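Engineer: Sharing entry-v5.txt below, compact mmCIF, C-alpha atoms and all ligand atoms:
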```txt
# COMPACT_ATOMS: atom_id res chain seq x y z
CA MET A 1 -17.50 16.40 -9.88
CA SER A 2 -16.85 17.74 -13.41
CA GLN A 3 -15.63 21.06 -11.99
CA GLU A 4 -13.15 19.19 -9.81
CA LEU A 5 -11.85 17.09 -12.69
CA LEU A 6 -11.52 20.23 -14.76
CA ASP A 7 -9.55 21.91 -11.97
CA LEU A 8 -7.29 18.88 -11.69
CA ALA A 9 -6.62 18.84 -15.43
CA ARG A 10 -5.88 22.57 -15.45
CA VAL A 11 -3.43 22.48 -12.55
CA GLU A 12 -1.68 19.44 -14.00
CA ALA A 13 -1.34 21.18 -17.35
CA GLY A 14 0.11 24.24 -15.59
CA GLN A 15 -2.88 26.23 -16.81
CA MET A 16 -4.29 27.23 -13.45
CA PRO A 17 -3.75 30.99 -13.22
CA ILE A 18 -1.87 31.86 -10.02
CA HIS A 19 -1.98 35.37 -8.54
CA PRO A 20 0.43 35.41 -5.60
CA ALA A 21 0.01 37.80 -2.68
CA ASP A 22 1.21 37.99 0.91
CA VAL A 23 -1.34 36.19 3.07
CA ASP A 24 -1.95 36.52 6.82
CA LEU A 25 -2.55 32.90 7.81
CA LYS A 26 -4.10 33.72 11.18
CA ALA A 27 -6.81 35.89 9.64
CA LEU A 28 -7.39 33.40 6.84
CA LEU A 29 -7.74 30.44 9.20
CA GLU A 30 -10.05 32.29 11.57
CA GLN A 31 -12.36 32.96 8.61
CA GLU A 32 -12.15 29.40 7.30
CA LEU A 33 -12.95 27.96 10.72
CA GLU A 34 -16.13 30.04 10.96
CA ILE A 35 -17.30 28.47 7.70
CA VAL A 36 -17.06 24.90 9.04
CA ARG A 37 -18.07 25.71 12.64
CA PRO A 38 -21.78 24.85 12.20
CA ARG A 39 -20.88 21.43 10.78
CA ALA A 40 -18.29 20.85 13.53
CA ASP A 41 -20.87 21.77 16.17
CA GLN A 42 -23.35 19.33 14.66
CA ARG A 43 -20.83 16.51 15.10
CA GLY A 44 -19.70 17.67 18.52
CA LEU A 45 -16.15 18.41 17.33
CA GLU A 46 -14.15 21.12 19.06
CA LEU A 47 -12.22 23.43 16.70
CA LYS A 48 -8.84 24.62 17.97
CA LEU A 49 -6.53 27.18 16.38
CA GLU A 50 -2.95 27.68 17.53
CA THR A 51 -0.84 30.50 16.10
CA PRO A 52 2.60 31.59 17.30
CA PRO A 53 3.33 35.22 18.24
CA GLY A 54 5.04 37.15 15.45
CA LEU A 55 3.65 34.96 12.68
CA ARG A 56 5.00 36.04 9.29
CA ALA A 57 2.98 36.19 6.08
CA ILE A 58 3.27 33.49 3.44
CA ARG A 59 3.17 33.95 -0.32
CA ALA A 60 0.24 32.30 -2.07
CA ASP A 61 -2.74 32.87 -4.33
CA PRO A 62 -5.46 33.55 -1.73
CA GLU A 63 -8.17 31.87 -3.79
CA ARG A 64 -6.18 28.67 -4.39
CA LEU A 65 -5.08 28.62 -0.77
CA HIS A 66 -8.71 28.95 0.27
CA GLN A 67 -9.52 25.96 -1.93
CA ILE A 68 -6.84 23.83 -0.22
CA VAL A 69 -7.71 24.87 3.35
CA ASP A 70 -11.41 24.43 2.65
CA ASN A 71 -10.74 20.86 1.45
CA LEU A 72 -8.65 20.07 4.53
CA LEU A 73 -11.17 21.46 7.00
CA ASP A 74 -14.10 19.90 5.15
CA ASN A 75 -12.37 16.52 5.42
CA ALA A 76 -11.47 17.00 9.08
CA VAL A 77 -15.05 17.89 10.02
CA LYS A 78 -16.47 15.09 7.86
CA TYR A 79 -14.13 12.27 8.88
CA ALA A 80 -12.93 13.06 12.43
CA SER A 81 -13.89 10.40 14.93
CA GLU A 82 -16.80 11.42 17.14
CA GLY A 83 -15.67 13.69 20.00
CA THR A 84 -12.09 14.26 18.81
CA PRO A 85 -10.87 17.85 18.46
CA VAL A 86 -9.90 19.32 15.10
CA GLU A 87 -6.56 20.97 15.78
CA VAL A 88 -5.37 23.63 13.36
CA ALA A 89 -1.91 25.09 13.90
CA VAL A 90 0.40 27.48 12.07
CA HIS A 91 4.17 27.56 12.30
CA ASN A 92 6.95 29.76 10.96
CA ALA A 93 10.00 28.16 9.44
CA LEU A 94 12.99 29.89 7.90
CA MET A 95 11.79 30.27 4.33
CA ARG A 96 8.26 28.96 4.63
CA GLY A 97 5.09 28.81 6.66
CA GLU A 98 3.23 25.68 7.66
CA ILE A 99 -0.42 24.93 8.36
CA SER A 100 -1.36 21.65 9.99
CA VAL A 101 -4.82 20.18 10.45
CA ALA A 102 -5.16 17.18 12.78
CA ASN A 103 -8.08 15.05 13.88
CA GLY A 104 -8.75 11.70 15.48
CA VAL A 105 -9.16 8.56 13.34
CA GLU A 106 -10.00 5.98 15.98
CA HIS A 107 -11.53 3.11 14.03
CA ASP A 108 -10.77 3.63 10.37
CA ALA A 109 -7.52 5.44 9.68
CA PRO A 110 -6.97 6.10 5.98
CA ASP A 111 -3.67 5.26 4.30
CA PRO A 112 -1.63 8.50 4.59
CA GLU A 113 0.00 7.94 1.19
CA ARG A 114 -2.92 6.55 -0.80
CA MET A 115 -5.39 9.19 0.37
CA PHE A 116 -3.88 11.58 -2.20
CA GLU A 117 -4.73 9.22 -5.07
CA ARG A 118 -7.62 10.13 -7.31
CA PHE A 119 -10.95 8.62 -6.19
CA TYR A 120 -9.40 7.08 -3.06
CA ARG A 121 -12.07 6.71 -0.37
CA GLY A 122 -10.94 5.47 3.03
CA ASP A 123 -13.90 3.64 4.49
CA PRO A 124 -16.34 2.22 1.92
CA SER A 125 -19.06 1.87 4.56
CA ARG A 126 -19.26 5.65 4.80
CA SER A 127 -19.40 6.27 1.06
CA ALA A 128 -23.15 6.58 1.04
CA SER A 129 -23.41 9.11 3.88
CA ALA A 130 -20.39 11.29 3.15
CA ALA A 131 -20.94 12.62 -0.35
CA GLY A 132 -17.28 12.94 -1.45
CA VAL A 133 -15.89 11.43 -4.62
CA GLY A 134 -12.27 11.24 -3.54
CA LEU A 135 -10.79 14.14 -5.50
CA GLY A 136 -10.35 16.83 -2.82
CA LEU A 137 -6.89 15.82 -1.67
CA SER A 138 -5.47 15.06 -5.12
CA ILE A 139 -6.52 18.54 -6.26
CA SER A 140 -5.20 20.10 -3.05
CA ARG A 141 -1.81 18.44 -3.48
CA GLU A 142 -1.53 19.68 -7.08
CA LEU A 143 -2.57 23.18 -6.00
CA ALA A 144 0.00 23.17 -3.19
CA ALA A 145 2.70 22.24 -5.71
CA ALA A 146 1.50 24.97 -8.10
CA LEU A 147 1.94 27.45 -5.22
CA GLY A 148 5.51 26.26 -4.66
CA GLY A 149 4.53 24.30 -1.57
CA LYS A 150 3.90 20.77 -0.41
CA LEU A 151 1.00 18.82 1.12
CA TRP A 152 1.31 15.47 2.88
CA ALA A 153 -0.20 13.42 5.69
CA GLU A 154 1.20 11.74 8.79
CA LEU A 155 -0.49 9.13 10.89
CA ASP A 156 0.50 9.13 14.57
CA GLY A 157 -1.39 6.40 16.38
CA SER A 158 -5.04 7.40 16.06
CA LYS A 159 -4.29 10.97 15.02
CA LEU A 160 -4.10 12.00 11.38
CA ARG A 161 -2.25 15.21 10.60
CA LEU A 162 -2.31 16.95 7.22
CA ARG A 163 0.63 19.30 6.73
CA LEU A 164 0.84 22.09 4.17
CA THR A 165 3.98 24.17 3.66
CA LEU A 166 4.12 27.32 1.56
CA PRO A 167 6.88 29.79 0.69
CA ALA A 168 7.40 32.73 3.07
CA GLY A 169 6.04 36.14 2.12
CA LEU A 170 8.15 38.86 0.57
N1 LIG B 1 -9.08 14.53 7.98
C1 LIG B 1 -9.33 13.26 7.63
N2 LIG B 1 -9.58 12.32 8.59
C2 LIG B 1 -9.83 11.04 8.24
N3 LIG B 1 -9.87 10.59 6.99
C3 LIG B 1 -9.63 11.47 5.99
C4 LIG B 1 -9.35 12.84 6.27
N4 LIG B 1 -9.15 13.47 5.08
C5 LIG B 1 -9.30 12.54 4.12
N5 LIG B 1 -9.60 11.33 4.65
C6 LIG B 1 -9.81 10.08 3.89
O1 LIG B 1 -9.20 10.22 2.61
C7 LIG B 1 -10.18 10.04 1.57
C8 LIG B 1 -9.86 10.97 0.41
O2 LIG B 1 -10.09 12.34 0.76
P1 LIG B 1 -10.49 13.38 -0.38
O3 LIG B 1 -10.70 14.71 0.25
O4 LIG B 1 -9.49 13.27 -1.48
O5 LIG B 1 -11.85 12.80 -0.95
P2 LIG B 1 -13.33 12.84 -0.34
O6 LIG B 1 -13.39 13.73 0.85
O7 LIG B 1 -13.74 11.43 -0.17
O8 LIG B 1 -14.16 13.47 -1.54
P3 LIG B 1 -14.11 14.99 -2.07
O9 LIG B 1 -13.06 15.72 -1.28
O10 LIG B 1 -13.75 14.86 -3.52
O11 LIG B 1 -15.47 15.54 -1.83
C9 LIG B 1 -11.52 10.32 2.26
O12 LIG B 1 -12.56 9.62 1.60
C10 LIG B 1 -11.28 9.79 3.66
O13 LIG B 1 -11.43 8.40 3.71
MG MG B 2 -12.57 15.73 0.72
```
Translate this structure into structure tokens?

Structural biologist:
Amino acid sequence: MSQELLDLARVEAGQMPIHPADVDLKALLEQELEIVRPRADQRGLELKLETPPGLRAIRADPERLHQIVDNLLDNAVKYASEGTPVEVAVHNALMRGEISVANGVEHDAPDPERMFERFYRGDPSRSASAAGVGLGLSISRELAAALGGKLWAELDGSKLRLRLTLPAGL
């Protein structure tokens, strides 16, 4: 946890070094999904990736972006309701790109605003089994802002969707 708190303090102080580059989101997400696939398989969760034809690059620090996406996918695979798919999608917008990660939250939907608070844990009954401390999303939101982007959540019935927008590539 100390590394995470240190990260949080550094981003907040504007002291997180950012090295922007053009990033191919399709390639990045394919790699990230392979990392979580064994854990998704263990929980019987199907991983889906949807990318539009002619997807443009976005501008981001690849290492920081990895940190955000890793947090989002880790959460999805950890907290998705049994048997719901984890749906990852990428979209182009005029001046930005968007990644969304959605999963089912059948019995215990978290609060889509409060989940970005430090140390917020949705369902206390799972605290013992899932090892998180509740910092992943607060760090991810700060990192997204440091990259000139935005991270938020939307709850649509029993589906939770995390949305990340980032500036378009050069
Ligand atoms: N994809 C998701 N589906 C359902 N609930 C989620 C999802 N992502 C986050 N949550 C809820 O929001 C809480 C906060 O998430 P966050 O990533 O900040 O912390 P954590 O996963 O508990 O711990 P850490 O990321 O620090 O290891 C989680 O404990 C969980 O209750
Ligand atoms: Mg987490």

Engineer: Do you have, as CSV, the list of residues of chain A lying at most 7 Å from ligand MG 2 (chain B), each with its nearest atom pair and that distance in Å to one decimal, counting all atoms listed in the file and ordered by chain then number?

Structural biologist:
```
residue,atom,partner,partner_atom,distance
A:Asn71,CA,B:MG2,MG,5.5
A:Leu72,CA,B:MG2,MG,7.0
A:Asp74,CA,B:MG2,MG,6.3
A:Asn75,CA,B:MG2,MG,4.8
A:Gly132,CA,B:MG2,MG,5.9
A:Gly134,CA,B:MG2,MG,6.2
A:Leu135,CA,B:MG2,MG,6.7
A:Gly136,CA,B:MG2,MG,4.3
A:Leu137,CA,B:MG2,MG,6.2
```

Engineer: Using only C-alpha atoms, which residues sit within 10 Å of Val86 of chain A once same-chain residues fewer than 4 positions away are excluded, as a ChimeraX atom specification?

Structural biologist: /A:40,45-49,73,76-77,80-81,101-104,161

Engineer: Output, as JSON, the centre and edge lengths in Å (one decimal) of the axis-aligned box that contains all listed atoms of segment 83-98 of chain A with 6 Å of margin on each side.

Structural biologist:
```
{"center_x": -1.3, "center_y": 22.0, "center_z": 12.2, "size_x": 40.7, "size_y": 28.6, "size_z": 27.7}
```

Engineer: Record the distance separating atom N2 of ligand LIG 1 (chain B) and atom CA of Leu147 of chain A, expressed in Å with one decimal.

Structural biologist: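 Atom-to-atom, atom N2 of ligand LIG 1 (chain B) to atom CA of Leu147 of chain A, that is 23.5 Å.
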
Engineer: Identify, on the basis of only C-alpha atoms, every residue whose closest approach to Ser158 of chain A does not exceed 9 Å; exclude the query and any residue fewer than 3 positions from it along the same chain; express the result as number ranges by chain.

Structural biologist: A: 103-109, 155

Engineer: Return the single residue from A:Ile18, A:Arg59, A:Gly83, A:Leu5 that is closest to ligand LIG 1 (chain B), with distances computed using all atoms listed in the file.

Structural biologist: A:Leu5

Engineer: Using all atoms listed in the file, find the one residue out of A:Gly148, A:Gly122, A:Pro53, A:Pro85 that sits nearest to ligand LIG 1 (chain B).

Structural biologist: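 When distances to ligand LIG 1 (chain B) are compared using all atoms listed in the file, the smallest one comes from A:Gly122.
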
Engineer: Please list as a PyMOL selection string every residue within 12 Å of Val90 of chain A, counting all atoms listed in the file and excluding residues in the same chain fewer than 5 positions away.

Structural biologist: chain A and resi 24-30+48-58+96-102+162-166

Engineer: Write the residues of the preceding selection, restricted to C-alpha atoms, as a PDB file, in the frame of the given file.

Structural biologist:
```
ATOM      1  CA  ASP A  24      -1.950  36.520   6.820  1.00  0.00           C
ATOM      2  CA  LEU A  25      -2.550  32.900   7.810  1.00  0.00           C
ATOM      3  CA  LYS A  26      -4.100  33.720  11.180  1.00  0.00           C
ATOM      4  CA  ALA A  27      -6.810  35.890   9.640  1.00  0.00           C
ATOM      5  CA  LEU A  28      -7.390  33.400   6.840  1.00  0.00           C
ATOM      6  CA  LEU A  29      -7.740  30.440   9.200  1.00  0.00           C
ATOM      7  CA  GLU A  30     -10.050  32.290  11.570  1.00  0.00           C
ATOM      8  CA  LYS A  48      -8.840  24.620  17.970  1.00  0.00           C
ATOM      9  CA  LEU A  49      -6.530  27.180  16.380  1.00  0.00           C
ATOM     10  CA  GLU A  50      -2.950  27.680  17.530  1.00  0.00           C
ATOM     11  CA  THR A  51      -0.840  30.500  16.100  1.00  0.00           C
ATOM     12  CA  PRO A  52       2.600  31.590  17.300  1.00  0.00           C
ATOM     13  CA  PRO A  53       3.330  35.220  18.240  1.00  0.00           C
ATOM     14  CA  GLY A  54       5.040  37.150  15.450  1.00  0.00           C
ATOM     15  CA  LEU A  55       3.650  34.960  12.680  1.00  0.00           C
ATOM     16  CA  ARG A  56       5.000  36.040   9.290  1.00  0.00           C
ATOM     17  CA  ALA A  57       2.980  36.190   6.080  1.00  0.00           C
ATOM     18  CA  ILE A  58       3.270  33.490   3.440  1.00  0.00           C
ATOM     19  CA  ARG A  96       8.260  28.960   4.630  1.00  0.00           C
ATOM     20  CA  GLY A  97       5.090  28.810   6.660  1.00  0.00           C
ATOM     21  CA  GLU A  98       3.230  25.680   7.660  1.00  0.00           C
ATOM     22  CA  ILE A  99      -0.420  24.930   8.360  1.00  0.00           C
ATOM     23  CA  SER A 100      -1.360  21.650   9.990  1.00  0.00           C
ATOM     24  CA  VAL A 101      -4.820  20.180  10.450  1.00  0.00           C
ATOM     25  CA  ALA A 102      -5.160  17.180  12.780  1.00  0.00           C
ATOM     26  CA  LEU A 162      -2.310  16.950   7.220  1.00  0.00           C
ATOM     27  CA  ARG A 163       0.630  19.300   6.730  1.00  0.00           C
ATOM     28  CA  LEU A 164       0.840  22.090   4.170  1.00  0.00           C
ATOM     29  CA  THR A 165       3.980  24.170   3.660  1.00  0.00           C
ATOM     30  CA  LEU A 166       4.120  27.320   1.560  1.00  0.00           C
TER      31      LEU A 166
END
```

Engineer: Kindly indicate which residue among A:Thr84, A:Ser138, A:Gln3, A:Gln67 lies nearest to Glu32 of chain A, using all atoms listed in the file for the distances.

Structural biologist: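 With all atoms listed in the file as the atom set, the closest residue is A:Gln67.
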
Engineer: Rounded to one decimal in Å, what is the spacing between atom CA of Gln31 of chain A and atom CA of Leu6 of chain A?

Structural biologist: 26.6 Å

Engineer: Can you tell me, as a VMD selection string, what residues are no more than 8 Å from Glu142 of chain A when counting only C-alpha atoms, ignoring any on the same chain fewer than 6 positions away?

Structural biologist: chain A and resid 8 11 to 12

Engineer: Identify which of the residues A:Glu82, A:Gly157, A:Arg121, A:Lys150 lies closest to Gln42 of chain A, counting only C-alpha atoms when measuring atom-to-atom distances.

Structural biologist: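 Among the listed residues, the smallest separation from Gln42 of chain A belongs to A:Glu82.
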
Engineer: Find, counting all atoms listed in the file, the residue in A:Val88, A:Ser2, A:Lys78, A:Met95 that gets nearest to ligand LIG 1 (chain B).

Structural biologist: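 Comparing A:Val88, A:Ser2, A:Lys78, A:Met95 against ligand LIG 1 (chain B), the winner is A:Lys78.
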
Engineer: Using atom N2 of ligand LIG 1 (chain B) and atom CA of Ala168 of chain A as the two end points, give the distance in Å to one decimal.

Structural biologist: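 Pair atom N2 of ligand LIG 1 (chain B) / atom CA of Ala168 of chain A returns 27.1 Å.
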
Engineer: Tell me which of A:Asp41, A:Glu87, A:Leu143, A:Val133 sits closest to ligand LIG 1 (chain B), counting only C-alpha atoms and all ligand atoms.

Structural biologist: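 Result for the nearest residue to ligand LIG 1 (chain B): A:Val133.
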